[in-house]
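To start, the structure under review is shown below, and the notes come after it.
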Amino acid sequence: MYYSFFLIFLSFTFSNTHLNWVQFSNLHVDVRSDMDKPKISISDEPDTLYKHLSVLVKGHDKAVLDSYEYFAVLAAKELGISIKKVHEPPRKIERLTLLKSVHIFKKHRVQYEMRTYYRCLEVKHLTGSTADVYLEYIQRNLPEGVAMEVTKTRLEQLPEHIKEPLWEMLGEEEKASKA
Amino acid sequence: MTGQVAVSGIPELLSACRGVHTTAICCKNRAARVRVGKGDKPVTYEQAHPPHYIAHRKGWLSLHTSNLDGEEGASDRTVEDVFIRKFLYGTFPGCLADQVVLKRRANELIICALMLQRLPPIKIYFLVGYSEALLSAFYKCPVRLYLQTVPTKNVYKYI
């Protein structure tokens with residue numbers, strides 16, 4: 001996982017410095033006793049079904065998005081989720097041209113740009129619980145500086161009032177009125 | 001623009017003229033650059049590279065999503081970052097070896113600082129707890145300070 005890899009990297013660099021008297025600087029001990037028991041709830045309602053799940057990640061650094069995509073694809077394969085497509089939408093660059101000097105000198109400007117790279121992961125045929133688990137896992141391990149947008153396409157039962165075509169219903173009503 | 005310097009009073013020099021060329025001032029860029037000296041100024045990797053090397057040879061010091069396309073809150077995050085850097089610079093007097101790295105991960109603010117071994121560890125632990133508590137109270141979000149200590153500053157080159 002990107003997040004745990006980074007933690008391991010931190011501890012590795014820390015142990016390399018020649019220190020006797022400062023401990024490993026994870027000075028916080030997270031007391032998470034309520035997270036030990038996994039909560040599995042079983043209910044009689046049918047689970048929601050998703051036709052597609054589209055996860056779009058945005059970031060400034062393409063290498064970070066590459067590694068996150070590898071992690072997300074690996075997680076999907078482990079959970080048995082079928083991946084439809086992994087593609088890279090084109091990047092967007094926002095450029096600003098500002099005056100270089102505080103006062104006058106209109107001819108001399110400075111240009112800045114902000115680049116946003118995208119990566120889109122589309123998975124298909126998920127149940128609601130699988131989607132929740134997968135998304136929660138993915139989102140807990142989002143690197144800093146990376147934003148995510150999720151689009152879910154849900155499958156619904158056809159509503160009762162449009163199951164039968166209207167002319168058949170009108171035909172039945174005519175027969176009922178005649179009889 | 002060419003100008004002519006007129007010399008009055010001396011008849012032999014009245015025919016002499018000198019051209020002067022001037023242009024509007026185009027100042028050199030000075031942002032985030034350490035000016036080159038005699039070769040005795042130690043400079044870290046971060047300081048040695050000017051800002052056009054970001055994303056090529058340098059990384060980012062402050063990682064958050066508000067500068068991405070379609071995201072909001074960039075000014076708030078920037079102001080917070082400036083305050084946190086000034087705060088840490090003052091809380092750990094002379095102990096910061098390099099610029100502090102700030103990361104925002106889902107409401108949590110993670111501060112990664114590289115420090116010199118100038119203070120005794122008891123004082124460092126106290127200052128870490130104090131800064132964490134104070135910053136959490138200011139920004140109403142969990143703040144964690146991760147430290148790494150080095151004996152001296154990591155010098156990349158001498159400018």
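Starting from 1 in every chain, residues are counted up; chains themselves are A, B, ... following the order of the structure tokens, and ligands are numbered from 1 as listed.
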
Counting only C-alpha atoms, what are the residues of segment 74-123 of chain B within 12 Å of segment 147-166 of chain A, and for each of them which pair of atoms is the nearest and at what distance in Å, to one decimal? Sort the table by chain and rising number, as CSV.
residue,atom,partner,partner_atom,distance
B:Arg104,CA,A:Ala147,CA,11.2
B:Arg105,CA,A:Ala147,CA,10.2
B:Ala106,CA,A:Ala147,CA,10.0

Same residues, N, CA and C atoms, output as a compact mmCIF listing (two decimals), in the first residue's frame:
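Result written to again_11.txt:
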# COMPACT_ATOMS: atom_id res chain seq x y z
N ARG B 104 -1.58 16.85 4.28
CA ARG B 104 -2.95 16.81 4.77
C ARG B 104 -3.61 15.55 4.24
N ARG B 105 -3.97 14.69 5.17
CA ARG B 105 -4.57 13.42 4.78
C ARG B 105 -5.90 13.32 5.46
N ALA B 106 -6.98 13.64 4.74
CA ALA B 106 -8.34 13.46 5.27
C ALA B 106 -8.54 14.06 6.66

Taking only residues of chain A that have an atom at most 6 Å from an atom of chain B, what is each one's shortest atom pair and its distance in Å to one decimal, using only C-alpha atoms, in chain and number order, as CSV?
residue,atom,partner,partner_atom,distance
A:Ser25,CA,B:Leu147,CA,5.8
A:Thr116,CA,B:Leu68,CA,5.8
A:Glu144,CA,B:Arg105,CA,5.2
A:Gly145,CA,B:His64,CA,4.2
A:Val146,CA,B:Thr65,CA,5.9
A:Ala147,CA,B:Thr65,CA,5.9

Enumerate, as a PyMOL selection string, the complete set of residues in chain B that a backbone-based DSSP assignment places in strand (DSSP E or B). chain B and resi 42-43+54+58+62-63+96+101-105+108-116+143-150+157-158

Can those selected residues be exported to a file as a tab-separated table (two decimals), in the first residue's frame so that it contains N, CA, C and O atoms?
chain	number	residue	atom	x	y	z
B	42	PRO	N	27.35	27.02	3.01
B	42	PRO	CA	26.77	25.68	2.87
B	42	PRO	C	25.28	25.78	2.57
B	42	PRO	O	24.57	26.61	3.14
B	43	VAL	N	24.83	24.90	1.67
B	43	VAL	CA	23.45	25.02	1.20
B	43	VAL	C	22.86	23.62	1.10
B	43	VAL	O	23.53	22.69	0.64
B	54	ILE	N	10.97	22.42	-9.37
B	54	ILE	CA	9.91	21.67	-8.68
B	54	ILE	C	9.28	20.72	-9.69
B	54	ILE	O	9.03	21.08	-10.81
B	58	LYS	N	12.96	18.59	-7.53
B	58	LYS	CA	12.46	18.84	-6.17
B	58	LYS	C	11.06	18.29	-6.04
B	58	LYS	O	10.36	18.11	-7.03
B	62	SER	N	4.49	21.25	0.71
B	62	SER	CA	3.18	21.28	1.34
B	62	SER	C	2.23	20.54	0.42
B	62	SER	O	2.05	20.93	-0.73
B	63	LEU	N	1.67	19.44	0.90
B	63	LEU	CA	0.85	18.58	0.04
B	63	LEU	C	-0.61	18.63	0.46
B	63	LEU	O	-0.96	18.18	1.55
B	96	LEU	N	15.69	23.57	13.52
B	96	LEU	CA	15.16	23.01	12.28
B	96	LEU	C	16.28	22.93	11.24
B	96	LEU	O	16.88	23.95	10.90
B	101	VAL	N	7.90	19.70	6.17
B	101	VAL	CA	6.99	19.16	5.15
B	101	VAL	C	5.62	18.99	5.78
B	101	VAL	O	5.48	18.39	6.83
B	102	LEU	N	4.59	19.57	5.14
B	102	LEU	CA	3.23	19.49	5.68
B	102	LEU	C	2.39	18.62	4.77
B	102	LEU	O	2.40	18.80	3.57
B	103	LYS	N	1.66	17.69	5.38
B	103	LYS	CA	0.81	16.81	4.58
B	103	LYS	C	-0.59	16.82	5.17
B	103	LYS	O	-0.75	16.75	6.38
B	104	ARG	N	-1.58	16.85	4.28
B	104	ARG	CA	-2.95	16.81	4.77
B	104	ARG	C	-3.61	15.55	4.24
B	104	ARG	O	-3.77	15.39	3.04
B	105	ARG	N	-3.97	14.69	5.17
B	105	ARG	CA	-4.57	13.42	4.78
B	105	ARG	C	-5.90	13.32	5.46
B	105	ARG	O	-5.98	12.99	6.63
B	108	GLU	N	-6.53	15.16	8.71
B	108	GLU	CA	-5.39	15.10	9.61
B	108	GLU	C	-4.25	15.94	9.04
B	108	GLU	O	-4.03	15.93	7.83
B	109	LEU	N	-3.55	16.63	9.90
B	109	LEU	CA	-2.43	17.44	9.44
B	109	LEU	C	-1.16	16.77	9.95
B	109	LEU	O	-0.97	16.63	11.15
B	110	ILE	N	-0.32	16.33	9.04
B	110	ILE	CA	0.89	15.60	9.43
B	110	ILE	C	2.07	16.49	9.12
B	110	ILE	O	2.24	16.94	7.98
B	111	ILE	N	2.87	16.75	10.13
B	111	ILE	CA	4.02	17.65	9.97
B	111	ILE	C	5.27	16.80	10.10
B	111	ILE	O	5.47	16.11	11.09
B	112	CYS	N	6.12	16.84	9.09
B	112	CYS	CA	7.36	16.06	9.12
B	112	CYS	C	8.51	17.06	9.21
B	112	CYS	O	8.71	17.85	8.30
B	113	ALA	N	9.25	16.99	10.30
B	113	ALA	CA	10.31	17.98	10.53
B	113	ALA	C	11.64	17.28	10.70
B	113	ALA	O	11.73	16.20	11.31
B	114	LEU	N	12.66	17.90	10.15
B	114	LEU	CA	14.02	17.39	10.29
B	114	LEU	C	14.73	18.31	11.26
B	114	LEU	O	14.79	19.51	11.03
B	115	MET	N	15.24	17.76	12.37
B	115	MET	CA	15.76	18.62	13.42
B	115	MET	C	17.20	18.32	13.74
B	115	MET	O	17.67	17.20	13.56
B	116	LEU	N	17.87	19.34	14.26
B	116	LEU	CA	19.24	19.17	14.73
B	116	LEU	C	19.20	18.72	16.18
B	116	LEU	O	18.28	19.03	16.91
B	143	VAL	N	-3.46	16.89	14.70
B	143	VAL	CA	-2.18	17.31	14.18
B	143	VAL	C	-1.13	16.36	14.73
B	143	VAL	O	-1.09	16.10	15.92
B	144	ARG	N	-0.30	15.79	13.85
B	144	ARG	CA	0.75	14.90	14.31
B	144	ARG	C	2.07	15.41	13.80
B	144	ARG	O	2.22	15.75	12.63
B	145	LEU	N	3.04	15.41	14.71
B	145	LEU	CA	4.35	15.92	14.37
B	145	LEU	C	5.32	14.76	14.37
B	145	LEU	O	5.52	14.10	15.38
B	146	TYR	N	5.92	14.49	13.23
B	146	TYR	CA	6.89	13.41	13.13
B	146	TYR	C	8.26	14.04	13.01
B	146	TYR	O	8.48	14.93	12.20
B	147	LEU	N	9.19	13.55	13.83
B	147	LEU	CA	10.52	14.14	13.85
B	147	LEU	C	11.57	13.18	13.35
B	147	LEU	O	11.46	11.98	13.53
B	148	GLN	N	12.59	13.74	12.75
B	148	GLN	CA	13.80	12.96	12.50
B	148	GLN	C	14.96	13.86	12.89
B	148	GLN	O	14.99	15.01	12.45
B	149	THR	N	15.88	13.37	13.69
B	149	THR	CA	16.97	14.25	14.11
B	149	THR	C	18.27	13.84	13.44
B	149	THR	O	18.55	12.67	13.21
B	150	VAL	N	19.04	14.85	13.12
B	150	VAL	CA	20.36	14.66	12.50
B	150	VAL	C	21.38	15.45	13.31
B	150	VAL	O	21.04	16.47	13.89
B	157	LYS	N	25.82	21.33	-1.24
B	157	LYS	CA	27.02	21.89	-1.85
B	157	LYS	C	27.35	23.22	-1.19
B	157	LYS	O	26.55	23.75	-0.42
B	158	TYR	N	28.50	23.75	-1.53
B	158	TYR	CA	28.92	25.04	-1.00
B	158	TYR	C	28.86	26.05	-2.13
B	158	TYR	O	29.50	25.88	-3.16

note - atom CA of Leu127 of chain B and atom CA of Gly90 of chain B are separated by 10.9 Å

Find the distance between atom CA of Phe87 of chain B and atom CA of Tyr156 of chain B and write it in Å to one decimal.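 Atom-to-atom, atom CA of Phe87 of chain B to atom CA of Tyr156 of chain B, that is 26.2 Å.
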
As a ChimeraX atom specification, please: every residue in chain B that a backbone DSSP assignment puts in helix (DSSP H, G or I). /B:11-13,45-48,51-53,74-91,121-139

Please produce a file of those selected residues containing N, CA and C atoms, as a short mmCIF file (atom, residue, chain, number, x, y, z; two decimals), in the first residue's frame.
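Output contents, as saved in selection_5.cif:
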data_model
loop_
_atom_site.label_atom_id
_atom_site.label_comp_id
_atom_site.auth_asym_id
_atom_site.auth_seq_id
_atom_site.Cartn_x
_atom_site.Cartn_y
_atom_site.Cartn_z
N PRO B 11 33.70 75.98 -26.83
CA PRO B 11 33.37 75.91 -28.26
C PRO B 11 33.97 74.67 -28.94
N GLU B 12 35.19 74.21 -28.53
CA GLU B 12 35.78 73.08 -29.25
C GLU B 12 35.00 71.79 -29.01
N LEU B 13 34.37 71.68 -27.85
CA LEU B 13 33.67 70.43 -27.52
C LEU B 13 32.19 70.44 -27.88
N TYR B 45 20.03 20.67 -0.20
CA TYR B 45 19.47 20.33 -1.53
C TYR B 45 18.25 21.17 -1.84
N GLU B 46 17.45 21.38 -0.80
CA GLU B 46 16.22 22.17 -0.96
C GLU B 46 16.54 23.60 -1.35
N GLN B 47 17.55 24.19 -0.68
CA GLN B 47 17.89 25.59 -0.94
C GLN B 47 18.65 25.75 -2.25
N ALA B 48 19.39 24.71 -2.66
CA ALA B 48 20.26 24.85 -3.83
C ALA B 48 19.47 24.89 -5.13
N PRO B 51 13.00 27.46 -7.86
CA PRO B 51 11.67 26.87 -7.97
C PRO B 51 11.30 26.28 -9.31
N HIS B 52 12.04 26.57 -10.39
CA HIS B 52 11.65 25.95 -11.66
C HIS B 52 12.04 24.48 -11.71
N TYR B 53 12.76 23.98 -10.67
CA TYR B 53 13.08 22.57 -10.62
C TYR B 53 12.03 21.75 -9.87
N ALA B 74 -7.74 26.96 -1.43
CA ALA B 74 -6.28 27.09 -1.58
C ALA B 74 -5.72 28.18 -0.68
N SER B 75 -6.43 29.29 -0.58
CA SER B 75 -5.92 30.42 0.20
C SER B 75 -5.90 30.07 1.68
N ASP B 76 -6.95 29.36 2.16
CA ASP B 76 -7.00 28.97 3.58
C ASP B 76 -5.84 28.06 3.92
N ARG B 77 -5.60 27.07 3.04
CA ARG B 77 -4.50 26.14 3.31
C ARG B 77 -3.16 26.86 3.30
N THR B 78 -2.99 27.80 2.37
CA THR B 78 -1.71 28.52 2.28
C THR B 78 -1.45 29.34 3.54
N VAL B 79 -2.51 30.02 4.02
CA VAL B 79 -2.35 30.83 5.24
C VAL B 79 -2.00 29.93 6.42
N GLU B 80 -2.69 28.78 6.50
CA GLU B 80 -2.38 27.84 7.59
C GLU B 80 -0.92 27.38 7.52
N ASP B 81 -0.49 27.07 6.28
CA ASP B 81 0.90 26.60 6.10
C ASP B 81 1.90 27.63 6.57
N VAL B 82 1.67 28.90 6.18
CA VAL B 82 2.61 29.96 6.57
C VAL B 82 2.67 30.07 8.08
N PHE B 83 1.48 30.02 8.73
CA PHE B 83 1.45 30.13 10.18
C PHE B 83 2.20 28.98 10.83
N ILE B 84 1.96 27.75 10.32
CA ILE B 84 2.58 26.58 10.94
C ILE B 84 4.10 26.64 10.80
N ARG B 85 4.57 27.09 9.63
CA ARG B 85 6.03 27.16 9.46
C ARG B 85 6.65 28.18 10.41
N LYS B 86 6.01 29.35 10.54
CA LYS B 86 6.53 30.37 11.46
C LYS B 86 6.48 29.88 12.90
N PHE B 87 5.39 29.20 13.23
CA PHE B 87 5.21 28.69 14.58
C PHE B 87 6.30 27.69 14.93
N LEU B 88 6.57 26.76 13.99
CA LEU B 88 7.58 25.74 14.28
C LEU B 88 8.98 26.35 14.30
N TYR B 89 9.20 27.34 13.45
CA TYR B 89 10.50 28.00 13.45
C TYR B 89 10.78 28.65 14.79
N GLY B 90 9.70 29.19 15.42
CA GLY B 90 9.88 29.83 16.71
C GLY B 90 9.89 28.85 17.87
N THR B 91 9.10 27.77 17.77
CA THR B 91 9.01 26.83 18.89
C THR B 91 10.30 26.04 19.07
N PRO B 121 16.55 15.60 24.85
CA PRO B 121 15.32 14.95 24.38
C PRO B 121 14.07 15.26 25.20
N ILE B 122 14.28 15.51 26.52
CA ILE B 122 13.10 15.83 27.36
C ILE B 122 12.43 17.09 26.84
N LYS B 123 13.25 18.08 26.53
CA LYS B 123 12.68 19.34 26.04
C LYS B 123 12.04 19.15 24.68
N ILE B 124 12.66 18.31 23.83
CA ILE B 124 12.09 18.08 22.50
C ILE B 124 10.73 17.41 22.62
N TYR B 125 10.63 16.41 23.52
CA TYR B 125 9.33 15.73 23.68
C TYR B 125 8.27 16.71 24.14
N PHE B 126 8.67 17.57 25.12
CA PHE B 126 7.69 18.54 25.60
C PHE B 126 7.25 19.46 24.48
N LEU B 127 8.21 19.98 23.69
CA LEU B 127 7.87 20.92 22.63
C LEU B 127 7.00 20.26 21.57
N VAL B 128 7.25 18.97 21.29
CA VAL B 128 6.43 18.26 20.31
C VAL B 128 4.99 18.18 20.79
N GLY B 129 4.82 17.77 22.06
CA GLY B 129 3.47 17.67 22.61
C GLY B 129 2.77 19.00 22.65
N TYR B 130 3.54 20.03 23.04
CA TYR B 130 2.98 21.38 23.13
C TYR B 130 2.52 21.88 21.77
N SER B 131 3.37 21.71 20.76
CA SER B 131 2.99 22.22 19.43
C SER B 131 1.82 21.44 18.87
N GLU B 132 1.81 20.11 19.10
CA GLU B 132 0.67 19.31 18.61
C GLU B 132 -0.63 19.76 19.25
N ALA B 133 -0.59 19.93 20.58
CA ALA B 133 -1.82 20.30 21.29
C ALA B 133 -2.30 21.67 20.85
N LEU B 134 -1.36 22.61 20.72
CA LEU B 134 -1.73 23.98 20.37
C LEU B 134 -2.27 24.05 18.95
N LEU B 135 -1.60 23.38 18.02
CA LEU B 135 -2.05 23.43 16.62
C LEU B 135 -3.38 22.70 16.44
N SER B 136 -3.58 21.59 17.20
CA SER B 136 -4.89 20.93 17.11
C SER B 136 -5.99 21.84 17.61
N ALA B 137 -5.69 22.59 18.67
CA ALA B 137 -6.70 23.50 19.21
C ALA B 137 -6.98 24.63 18.22
N PHE B 138 -5.94 25.13 17.52
CA PHE B 138 -6.15 26.22 16.57
C PHE B 138 -6.97 25.76 15.38
N TYR B 139 -6.57 24.60 14.79
CA TYR B 139 -7.17 24.22 13.52
C TYR B 139 -8.27 23.20 13.64
#

Find the residues near Val110 of chain A: any atom within 10 Å, counting only C-alpha atoms, skip ones fewer than 5 places away on the same chain, and give them as a PyMOL selection string. (chain A and resi 96-101) or (chain B and resi 29)

Nearest to Lys62 of chain A by atom-to-atom distance, counting only C-alpha atoms, from A:Lys124, A:Lys39, A:Lys175, A:Arg91: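 The shortest atom-to-atom distance to Lys62 of chain A comes from A:Arg91.
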
From the set A:Gly171, A:Gly59, A:Pro89, A:Gly128, which residue has the shortest atom-to-atom contact distance to Pro143 of chain A, counting only C-alpha atoms?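 Smallest distance to Pro143 of chain A is found for A:Gly59.
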
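When only C-alpha atoms are used to compute distances to Arg118 of chain B, the closest of the residues B:Lys140, B:Val155, B:Pro93, B:Val100 turns out to be B:Pro93.
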